[in-house]
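J.: input.cif is reproduced in full below (mmCIF, C-alpha atoms).
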```
data_start
#
loop_
_atom_site.label_atom_id
_atom_site.label_comp_id
_atom_site.auth_asym_id
_atom_site.auth_seq_id
_atom_site.Cartn_x
_atom_site.Cartn_y
_atom_site.Cartn_z
CA MET A 1 57.99 126.36 78.33
CA LYS A 2 59.26 129.92 77.96
CA PRO A 3 62.93 130.53 78.85
CA ALA A 4 62.02 133.14 81.47
CA ILE A 5 59.76 130.65 83.28
CA VAL A 6 62.51 128.00 83.22
CA VAL A 7 64.98 130.46 84.69
CA ARG A 8 62.54 131.44 87.45
CA LYS A 9 61.96 127.79 88.34
CA LEU A 10 65.69 127.14 88.51
CA VAL A 11 66.18 130.17 90.75
CA VAL A 12 63.36 129.03 93.05
CA ALA A 13 64.77 125.48 93.21
CA ALA A 14 68.23 126.79 94.03
CA SER A 15 66.84 129.08 96.70
CA LEU A 16 64.90 126.22 98.30
CA ALA A 17 67.99 123.99 98.28
CA CYS A 18 70.04 126.75 99.88
CA ALA A 19 67.37 127.39 102.52
CA SER A 20 67.21 123.67 103.27
CA ALA A 21 70.99 123.47 103.75
CA VAL A 22 70.94 126.50 106.07
CA ALA A 23 68.11 124.97 108.11
CA LEU A 24 69.99 121.67 108.38
CA ALA A 25 73.16 123.41 109.55
CA GLN A 26 71.23 125.34 112.21
CA VAL A 27 69.87 122.20 113.91
CA TRP A 28 72.92 119.98 113.33
CA PRO A 29 73.76 117.76 115.07
CA ALA A 30 70.43 116.51 116.36
CA ARG A 31 71.57 112.86 116.63
CA PRO A 32 74.83 110.83 116.76
CA VAL A 33 77.47 111.32 114.07
CA LYS A 34 79.17 108.26 112.54
CA VAL A 35 82.83 108.31 111.49
CA VAL A 36 83.75 105.52 109.07
CA ILE A 37 87.39 104.43 109.05
CA GLY A 38 89.00 101.91 106.70
CA VAL A 39 91.35 100.22 109.19
CA PRO A 40 90.81 97.62 111.93
CA ALA A 41 90.24 98.71 115.51
CA GLY A 42 93.35 99.15 117.62
CA ILE A 43 95.95 100.27 115.08
CA ALA A 44 97.44 103.77 115.24
CA ALA A 45 95.05 105.53 112.81
CA ASP A 46 92.03 104.05 114.60
CA VAL A 47 93.35 105.11 118.01
CA ILE A 48 93.96 108.66 116.81
CA ALA A 49 90.52 108.84 115.16
CA ARG A 50 88.89 107.81 118.44
CA LEU A 51 90.79 110.50 120.34
CA TYR A 52 89.40 113.13 117.97
CA CYS A 53 85.90 111.64 118.08
CA GLU A 54 85.94 111.88 121.87
CA LYS A 55 86.74 115.59 121.64
CA LEU A 56 84.11 116.11 118.94
CA SER A 57 81.46 114.35 121.04
CA LYS A 58 82.02 116.82 123.88
CA ALA A 59 82.12 119.84 121.58
CA LEU A 60 79.03 118.91 119.54
CA GLY A 61 76.88 117.56 122.38
CA GLN A 62 76.18 114.32 120.51
CA PRO A 63 77.98 110.96 120.38
CA VAL A 64 80.56 110.76 117.57
CA VAL A 65 81.16 107.05 117.04
CA VAL A 66 83.71 105.14 114.97
CA ASP A 67 82.56 102.51 112.47
CA ASN A 68 85.49 100.35 111.29
CA LYS A 69 85.19 99.17 107.67
CA PRO A 70 88.66 97.75 106.89
CA GLY A 71 89.69 96.29 103.56
CA ALA A 72 90.67 97.12 99.99
CA THR A 73 93.27 99.69 101.08
CA GLY A 74 90.55 101.92 102.51
CA ASN A 75 88.21 101.73 99.51
CA ILE A 76 85.39 100.00 101.39
CA ALA A 77 85.14 102.80 103.92
CA GLN A 78 85.37 105.45 101.23
CA ASP A 79 82.58 103.82 99.23
CA VAL A 80 80.29 103.82 102.28
CA VAL A 81 80.84 107.54 102.85
CA ALA A 82 80.67 108.47 99.16
CA LYS A 83 77.15 106.98 99.03
CA ALA A 84 75.99 108.53 102.31
CA PRO A 85 73.77 111.64 102.43
CA GLY A 86 75.63 114.93 102.73
CA ASP A 87 73.92 115.83 105.98
CA GLY A 88 76.84 115.86 108.41
CA TYR A 89 75.93 112.58 110.08
CA THR A 90 78.41 110.38 108.20
CA LEU A 91 82.09 111.30 107.97
CA LEU A 92 85.24 109.58 106.77
CA TYR A 93 88.50 109.35 108.70
CA ALA A 94 91.34 108.29 106.44
CA VAL A 95 95.04 108.33 105.70
CA SER A 96 95.90 110.47 102.70
CA ASN A 97 96.98 107.57 100.46
CA SER A 98 93.26 106.84 100.00
CA PHE A 99 93.07 110.12 98.07
CA VAL A 100 96.53 110.69 96.60
CA SER A 101 97.65 107.25 95.42
CA ASN A 102 94.76 104.75 95.37
CA PRO A 103 92.96 106.49 92.49
CA PHE A 104 95.98 105.84 90.26
CA ALA A 105 96.84 102.32 91.44
CA PHE A 106 93.31 100.99 90.87
CA LYS A 107 91.94 100.82 87.35
CA LYS A 108 88.44 101.60 88.54
CA LEU A 109 86.90 102.72 91.82
CA PRO A 110 83.17 102.85 92.68
CA PHE A 111 83.54 106.52 93.63
CA ARG A 112 85.48 109.62 92.60
CA VAL A 113 87.80 111.14 95.16
CA ASP A 114 87.64 114.57 93.50
CA THR A 115 83.85 114.94 93.39
CA ASP A 116 82.29 112.58 95.96
CA PHE A 117 84.04 114.00 99.03
CA VAL A 118 84.59 117.33 100.74
CA PRO A 119 87.82 117.84 102.71
CA VAL A 120 87.11 118.87 106.30
CA ALA A 121 90.37 119.03 108.27
CA GLN A 122 93.74 117.41 108.66
CA THR A 123 94.54 115.95 112.08
CA VAL A 124 98.08 114.54 112.21
CA ARG A 125 101.14 113.83 110.12
CA ASN A 126 102.41 110.34 110.64
CA GLY A 127 105.68 108.89 109.50
CA LEU A 128 107.50 105.77 108.40
CA TYR A 129 111.03 104.71 109.28
CA LEU A 130 113.37 102.84 106.95
CA VAL A 131 114.70 100.25 109.38
CA THR A 132 117.08 97.39 108.72
CA SER A 133 118.31 94.41 110.70
CA LYS A 134 121.15 95.23 113.12
CA ASP A 135 123.77 93.37 111.10
CA PHE A 136 122.79 94.76 107.69
CA PRO A 137 125.99 96.14 106.13
CA ALA A 138 124.54 99.49 104.98
CA LYS A 139 124.34 101.99 107.84
CA THR A 140 123.12 104.99 105.83
CA VAL A 141 120.95 105.56 102.77
CA PRO A 142 124.00 106.41 100.59
CA ASP A 143 125.60 103.15 101.78
CA LEU A 144 122.40 101.31 100.87
CA ALA A 145 122.31 102.86 97.39
CA ALA A 146 125.93 101.88 96.72
CA LEU A 147 125.36 98.32 97.98
CA VAL A 148 122.21 97.74 95.95
CA ARG A 149 123.66 99.23 92.77
CA ALA A 150 126.62 96.87 93.12
CA HIS A 151 124.26 93.89 93.48
CA PRO A 152 121.04 94.66 91.51
CA GLY A 153 118.14 92.39 92.36
CA LYS A 154 119.96 90.68 95.22
CA TYR A 155 118.34 92.45 98.17
CA ASN A 156 114.71 92.32 99.33
CA TYR A 157 112.53 94.80 101.16
CA ALA A 158 109.27 94.18 102.98
CA SER A 159 105.99 96.08 102.96
CA TYR A 160 102.43 95.59 104.17
CA GLY A 161 100.94 95.11 100.72
CA ILE A 162 101.09 96.53 97.23
CA GLY A 163 100.07 100.18 97.03
CA GLY A 164 100.39 101.08 100.71
CA PHE A 165 102.76 103.86 101.72
CA PRO A 166 105.47 101.42 102.99
CA HIS A 167 105.57 100.02 99.45
CA LEU A 168 105.20 103.29 97.58
CA VAL A 169 107.83 105.16 99.58
CA MET A 170 110.42 102.47 98.90
CA GLU A 171 109.51 102.50 95.22
CA LEU A 172 109.95 106.27 95.26
CA VAL A 173 113.45 105.92 96.69
CA LEU A 174 114.33 103.12 94.26
CA ASN A 175 113.08 105.20 91.34
CA GLN A 176 115.01 108.30 92.38
CA GLU A 177 118.22 106.40 93.15
CA ARG A 178 117.96 103.96 90.22
CA MET A 179 118.14 100.93 92.49
CA ASP A 180 116.79 97.43 91.84
CA MET A 181 115.34 95.51 94.82
CA VAL A 182 112.77 92.73 95.25
CA HIS A 183 109.48 93.59 96.93
CA VAL A 184 108.18 91.10 99.53
CA PRO A 185 104.66 92.06 100.72
CA TYR A 186 103.47 90.88 104.13
CA LYS A 187 100.01 90.97 105.68
CA GLY A 188 101.62 91.83 109.01
CA GLY A 189 104.64 91.20 111.18
CA ALA A 190 107.25 92.53 108.75
CA LEU A 191 109.15 94.33 111.51
CA GLN A 192 109.65 91.08 113.40
CA GLU A 193 110.93 89.50 110.18
CA VAL A 194 113.48 92.31 109.87
CA VAL A 195 114.57 91.80 113.48
CA GLY A 196 114.95 88.08 112.80
CA GLY A 197 116.86 88.67 109.59
CA SER A 198 114.39 86.98 107.23
CA VAL A 199 114.10 90.19 105.23
CA PRO A 200 116.62 93.03 105.51
CA MET A 201 114.45 96.15 105.64
CA VAL A 202 111.01 97.74 105.73
CA TRP A 203 109.44 101.19 105.93
CA GLU A 204 107.71 100.74 109.28
CA PRO A 205 105.05 103.02 110.85
CA ALA A 206 106.55 105.21 113.55
CA ALA A 207 104.37 103.86 116.37
CA ASN A 208 105.96 100.43 115.86
CA ALA A 209 109.42 101.46 114.71
CA VAL A 210 110.51 104.01 117.33
CA PRO A 211 110.48 101.62 120.33
CA PHE A 212 112.52 99.07 118.35
CA ILE A 213 114.97 101.79 117.30
CA ARG A 214 115.41 103.02 120.87
CA GLU A 215 115.93 99.47 122.13
CA GLY A 216 118.62 98.90 119.51
CA ARG A 217 116.78 95.99 117.91
CA VAL A 218 116.93 97.60 114.46
CA GLN A 219 118.91 100.42 112.88
CA ALA A 220 117.12 103.41 111.36
CA LEU A 221 118.41 104.83 108.08
CA ALA A 222 115.78 107.52 107.45
CA VAL A 223 112.33 108.83 108.33
CA TRP A 224 109.57 109.93 105.93
CA GLY A 225 106.20 111.60 106.23
CA TYR A 226 106.62 114.55 108.61
CA GLY A 227 108.32 116.90 106.15
CA LYS A 228 111.20 117.13 108.63
CA ARG A 229 113.03 115.04 111.21
CA ASN A 230 110.84 113.55 113.88
CA PRO A 231 111.57 115.09 117.32
CA ALA A 232 111.30 111.58 118.77
CA THR A 233 114.46 110.59 116.85
CA PRO A 234 116.37 113.81 116.09
CA THR A 235 119.48 112.03 114.78
CA VAL A 236 117.59 110.09 112.10
CA PRO A 237 117.61 112.12 108.85
CA ASN A 238 114.52 112.85 106.83
CA ILE A 239 114.72 110.94 103.54
CA ALA A 240 114.44 114.23 101.62
CA GLU A 241 117.81 115.27 103.10
CA LEU A 242 119.40 112.29 101.35
CA VAL A 243 117.32 111.62 98.23
CA PRO A 244 116.06 114.62 96.23
CA GLY A 245 112.45 114.38 95.09
CA THR A 246 111.19 112.41 98.08
CA ASP A 247 109.76 115.35 100.02
CA VAL A 248 106.20 114.05 99.82
CA GLY A 249 104.22 113.46 102.98
CA SER A 250 101.38 111.63 104.65
CA PHE A 251 98.55 112.89 106.80
CA GLN A 252 95.34 111.73 108.43
CA GLY A 253 92.12 113.66 108.43
CA PHE A 254 88.37 113.94 108.11
CA TRP A 255 86.27 114.10 104.94
CA ALA A 256 82.52 114.49 104.42
CA PRO A 257 80.27 113.35 101.56
CA ALA A 258 79.80 115.81 98.71
CA GLY A 259 76.90 118.16 99.30
CA THR A 260 77.53 118.55 103.03
CA PRO A 261 76.56 122.16 103.90
CA ARG A 262 79.48 124.53 104.19
CA ASP A 263 78.39 125.65 107.67
CA ILE A 264 78.65 122.05 108.94
CA VAL A 265 82.04 121.55 107.30
CA MET A 266 83.36 124.72 108.89
CA ARG A 267 81.92 123.86 112.32
CA LEU A 268 83.68 120.50 112.13
CA ASN A 269 86.89 122.15 110.98
CA GLN A 270 86.71 124.59 113.89
CA GLU A 271 86.24 121.85 116.48
CA ILE A 272 88.91 119.57 114.95
CA THR A 273 91.36 122.48 114.91
CA LYS A 274 90.64 123.14 118.60
CA ALA A 275 91.27 119.48 119.34
CA SER A 276 94.61 119.54 117.50
CA ARG A 277 95.70 122.42 119.75
CA ASN A 278 94.54 120.77 122.97
CA PRO A 279 97.61 120.00 125.14
CA GLU A 280 96.09 116.79 126.52
CA LEU A 281 95.34 115.46 123.04
CA ILE A 282 98.73 116.55 121.71
CA GLU A 283 100.45 114.52 124.42
CA LYS A 284 98.38 111.42 123.63
CA ILE A 285 99.03 111.77 119.89
CA ARG A 286 102.77 112.12 120.38
CA ILE A 287 102.81 108.84 122.30
CA ALA A 288 102.07 107.31 118.88
CA TYR A 289 104.90 109.44 117.39
CA ALA A 290 102.49 111.44 115.26
CA GLU A 291 102.48 115.23 114.97
CA PRO A 292 99.21 117.20 115.28
CA VAL A 293 98.49 119.63 112.43
CA THR A 294 95.74 122.04 111.47
CA SER A 295 94.39 123.06 108.09
CA THR A 296 91.51 124.73 106.33
CA PRO A 297 89.45 122.59 103.93
CA GLU A 298 91.05 124.56 101.10
CA ASP A 299 94.59 123.86 102.33
CA MET A 300 93.74 120.18 102.59
CA ALA A 301 92.32 120.08 99.06
CA ALA A 302 95.40 121.84 97.68
CA GLU A 303 97.77 119.35 99.30
CA ILE A 304 95.76 116.41 97.98
CA LYS A 305 95.93 117.86 94.48
CA ARG A 306 99.66 118.52 94.73
CA GLU A 307 100.60 115.11 96.15
CA SER A 308 98.31 113.30 93.70
CA VAL A 309 100.44 114.53 90.80
CA ARG A 310 103.61 113.12 92.35
CA TRP A 311 102.17 109.72 93.24
CA ALA A 312 100.46 109.38 89.87
CA GLN A 313 103.81 109.87 88.16
CA LEU A 314 105.51 107.27 90.37
CA ILE A 315 102.75 104.68 90.01
CA LYS A 316 102.88 105.01 86.24
CA ALA A 317 106.69 104.89 86.12
CA ARG A 318 106.86 101.78 88.35
CA ASN A 319 103.77 100.10 86.82
CA ILE A 320 102.11 99.59 90.22
CA ARG A 321 98.64 98.03 90.00
CA LEU A 322 96.19 97.01 92.72
CA ASP A 323 93.61 95.28 90.49
#
```
Can I see the file as structure tokens?

T.:
Amino acid sequence: MKPAIVVRKLVVAASLACASAVALAQVWPARPVKVVIGVPAGIAADVIARLYCEKLSKALGQPVVVDNKPGATGNIAQDVVAKAPGDGYTLLYAVSNSFVSNPFAFKKLPFRVDTDFVPVAQTVRNGLYLVTSKDFPAKTVPDLAALVRAHPGKYNYASYGIGGFPHLVMELVLNQERMDMVHVPYKGGALQEVVGGSVPMVWEPAANAVPFIREGRVQALAVWGYGKRNPATPTVPNIAELVPGTDVGSFQGFWAPAGTPRDIVMRLNQEITKASRNPELIEKIRIAYAEPVTSTPEDMAAEIKRESVRWAQLIKARNIRLD
């Protein structure tokens, strides 16, 4: 076949594909939209996702329903969405560790986070608190560093499993401060173990930690994830104030399968941004001690790329493996 004919055929095929995407965007959504989320129903990320889906349902004129696919640190949900058509009817709601740390902690994933997904919009920044039992001798992070350095390997810390942010953030602090502690992963209930004194400390999600802090059942040494102090606990320092190099963050947001038309992505971004600025939704989100945020898809992609470099370095330095 002559080169000119090949070129013409490629141009025609590209034009048809573009026309098809435009036509799809013009009629979308014509049926319900499914949002896959890799956590069980009822926990903070699921609750926040449902709040956004409720707003999206009203804005789009179609039901936007949550489909919980928990397990494998979010990989099951990601795999479902990575293999879904890019037609705007299947979306992913996830916490950023699924994109910035999992790819480096797993030897092999059945999808590629950089090519199988399109960032849509961030929704909230959510934080963790470093909390200790009330009678733990260290009352500040510098106190903790001095105590642990004086007794390497003596003290334990809890998490909710290898590779999750409660584990990785503590490893980040240990790496930066050259401390040696023993990791004790729990499936759940670590905060109660800290209260009871079975384990001295944990990085606990804000929704669970703040009530315990306010009731005086634990002491808070630092907060991480917001990029600043949390207004809910203004006297608790951000970890980056105390330990240089820990100014990484965490966010939740929406992604779409690769190939989703740009018009659909931008319509979703527009409606999610409106939701994040809705006073009623803001109040509900802050009950969970999260902070609403907005972003363009490009901003979101840039943050993922930037944070991925940092977590990749830590995971390699600490030899953290999930398989």

J.: May I ask for the distance between atom CA of A:Val80 and atom CA of A:Lys55, given in Å to one decimal place?

T.: 23.6 Å

J.: Any idea what's packed within 12 Å of A:Gln219, counting only C-alpha atoms, ignoring anything in its chain fewer than 2 positions away? Could you give it as an MDAnalysis selection string?

T.: chainID A and resid 129:141 191 194:195 200:204 209:217 221:223 233 235:236

J.: With the PyMOL selection byres ((chain A and resi 184) around 6) as the selection, what would be picked from this file? Answer as a PyMOL selection string, please.

T.: chain A and resi 157-158+183+185

J.: Report as a ChimeraX atom specification the full result of the PyMOL selection byres ((chain A and resi 91) around 12) when it is applied to this structure.

T.: /A:32-38,49,53,64-68,77-90,92-94,117-121,253-258,260,264-265,268

J.: If you count all atoms listed in the file, which residues fall within 8 Å of stretch 243-252 of chain A, apart from same-chain ones fewer than 6 positions away, as a PyMOL selection string?

T.: chain A and resi 45+93-97+122-127+172-173+176-177+224-227+307+310

J.: Can you list, as a PDB file with C-alpha atoms, keeping the file's coordinate frame, every protein, DNA or RNA residue that comes within 12 Å of A:Asp299 when you count all atoms listed in the file, leaving out same-chain residues fewer than 3 positions away?

T.:
```pdb
ATOM      1  CA  PRO A 119      87.820 117.840 102.710  1.00  0.00           C
ATOM      2  CA  VAL A 120      87.110 118.870 106.300  1.00  0.00           C
ATOM      3  CA  ALA A 121      90.370 119.030 108.270  1.00  0.00           C
ATOM      4  CA  GLN A 122      93.740 117.410 108.660  1.00  0.00           C
ATOM      5  CA  ASN A 269      86.890 122.150 110.980  1.00  0.00           C
ATOM      6  CA  VAL A 293      98.490 119.630 112.430  1.00  0.00           C
ATOM      7  CA  THR A 294      95.740 122.040 111.470  1.00  0.00           C
ATOM      8  CA  SER A 295      94.390 123.060 108.090  1.00  0.00           C
ATOM      9  CA  THR A 296      91.510 124.730 106.330  1.00  0.00           C
ATOM     10  CA  ALA A 302      95.400 121.840  97.680  1.00  0.00           C
ATOM     11  CA  GLU A 303      97.770 119.350  99.300  1.00  0.00           C
ATOM     12  CA  ILE A 304      95.760 116.410  97.980  1.00  0.00           C
ATOM     13  CA  LYS A 305      95.930 117.860  94.480  1.00  0.00           C
ATOM     14  CA  ARG A 306      99.660 118.520  94.730  1.00  0.00           C
TER      15      ARG A 306
END
```

J.: Report the distance between atom CA of A:Leu128 and atom CA of A:Pro205 in Å, rounded to one decimal place.

T.: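 Computing the Euclidean distance for atom CA of A:Leu128 and atom CA of A:Pro205 yields 4.4 Å.
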
J.: Can you pull out the residues contacting A:Arg286? Cut-off 10 Å, using all atoms listed in the file, and skip same-chain residues under 3 positions away; I want them as an MDAnalysis selection string.

T.: chainID A and resid 124 126 207 231:232 281:283 289:292

J.: Selected residues, C-alpha atoms, written as an mmCIF file, in the coordinates of the input, please.

T.:
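out-v8.cif written:
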```cif
data_model
loop_
_atom_site.group_PDB
_atom_site.id
_atom_site.type_symbol
_atom_site.label_atom_id
_atom_site.label_comp_id
_atom_site.auth_asym_id
_atom_site.auth_seq_id
_atom_site.Cartn_x
_atom_site.Cartn_y
_atom_site.Cartn_z
ATOM 1 C CA VAL A 124 98.080 114.540 112.210
ATOM 2 C CA ASN A 126 102.410 110.340 110.640
ATOM 3 C CA ALA A 207 104.370 103.860 116.370
ATOM 4 C CA PRO A 231 111.570 115.090 117.320
ATOM 5 C CA ALA A 232 111.300 111.580 118.770
ATOM 6 C CA LEU A 281 95.340 115.460 123.040
ATOM 7 C CA ILE A 282 98.730 116.550 121.710
ATOM 8 C CA GLU A 283 100.450 114.520 124.420
ATOM 9 C CA TYR A 289 104.900 109.440 117.390
ATOM 10 C CA ALA A 290 102.490 111.440 115.260
ATOM 11 C CA GLU A 291 102.480 115.230 114.970
ATOM 12 C CA PRO A 292 99.210 117.200 115.280
#
```

J.: One decimal, Å: what's the distance from atom CA of A:Pro142 over to atom CA of A:Leu174, could you say?

T.: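 Going from atom CA of A:Pro142 over to atom CA of A:Leu174, I get 12.0 Å.
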
J.: Go through A:Val309, A:Val113, A:Ala145, A:Ser198 and flag the residue nearest A:Asn175, using all atoms listed in the file for the distances.

T.: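 Looking at the shortest contact to A:Asn175, the residue is A:Ala145.
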
J.: My list of candidates is A:Arg318, A:Lys58, A:Ile162, A:Ala206. Which is closest to A:Ile287 when distances are computed with all atoms listed in the file?

T.: A:Ala206

J.: Nearest to A:Arg321: which of A:Trp28, A:Ile48, A:Gly163, A:Val148 is it, counting only C-alpha atoms?

T.: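 Result for the nearest residue to A:Arg321: A:Gly163.
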
J.: List the neighbours of A:Val39 out to 8 Å using all atoms listed in the file; skip same-chain residues closer than 2 positions along the sequence, and give me the result as an MDAnalysis selection string.

T.: chainID A and resid 37 41 43 45:46 68:71 74
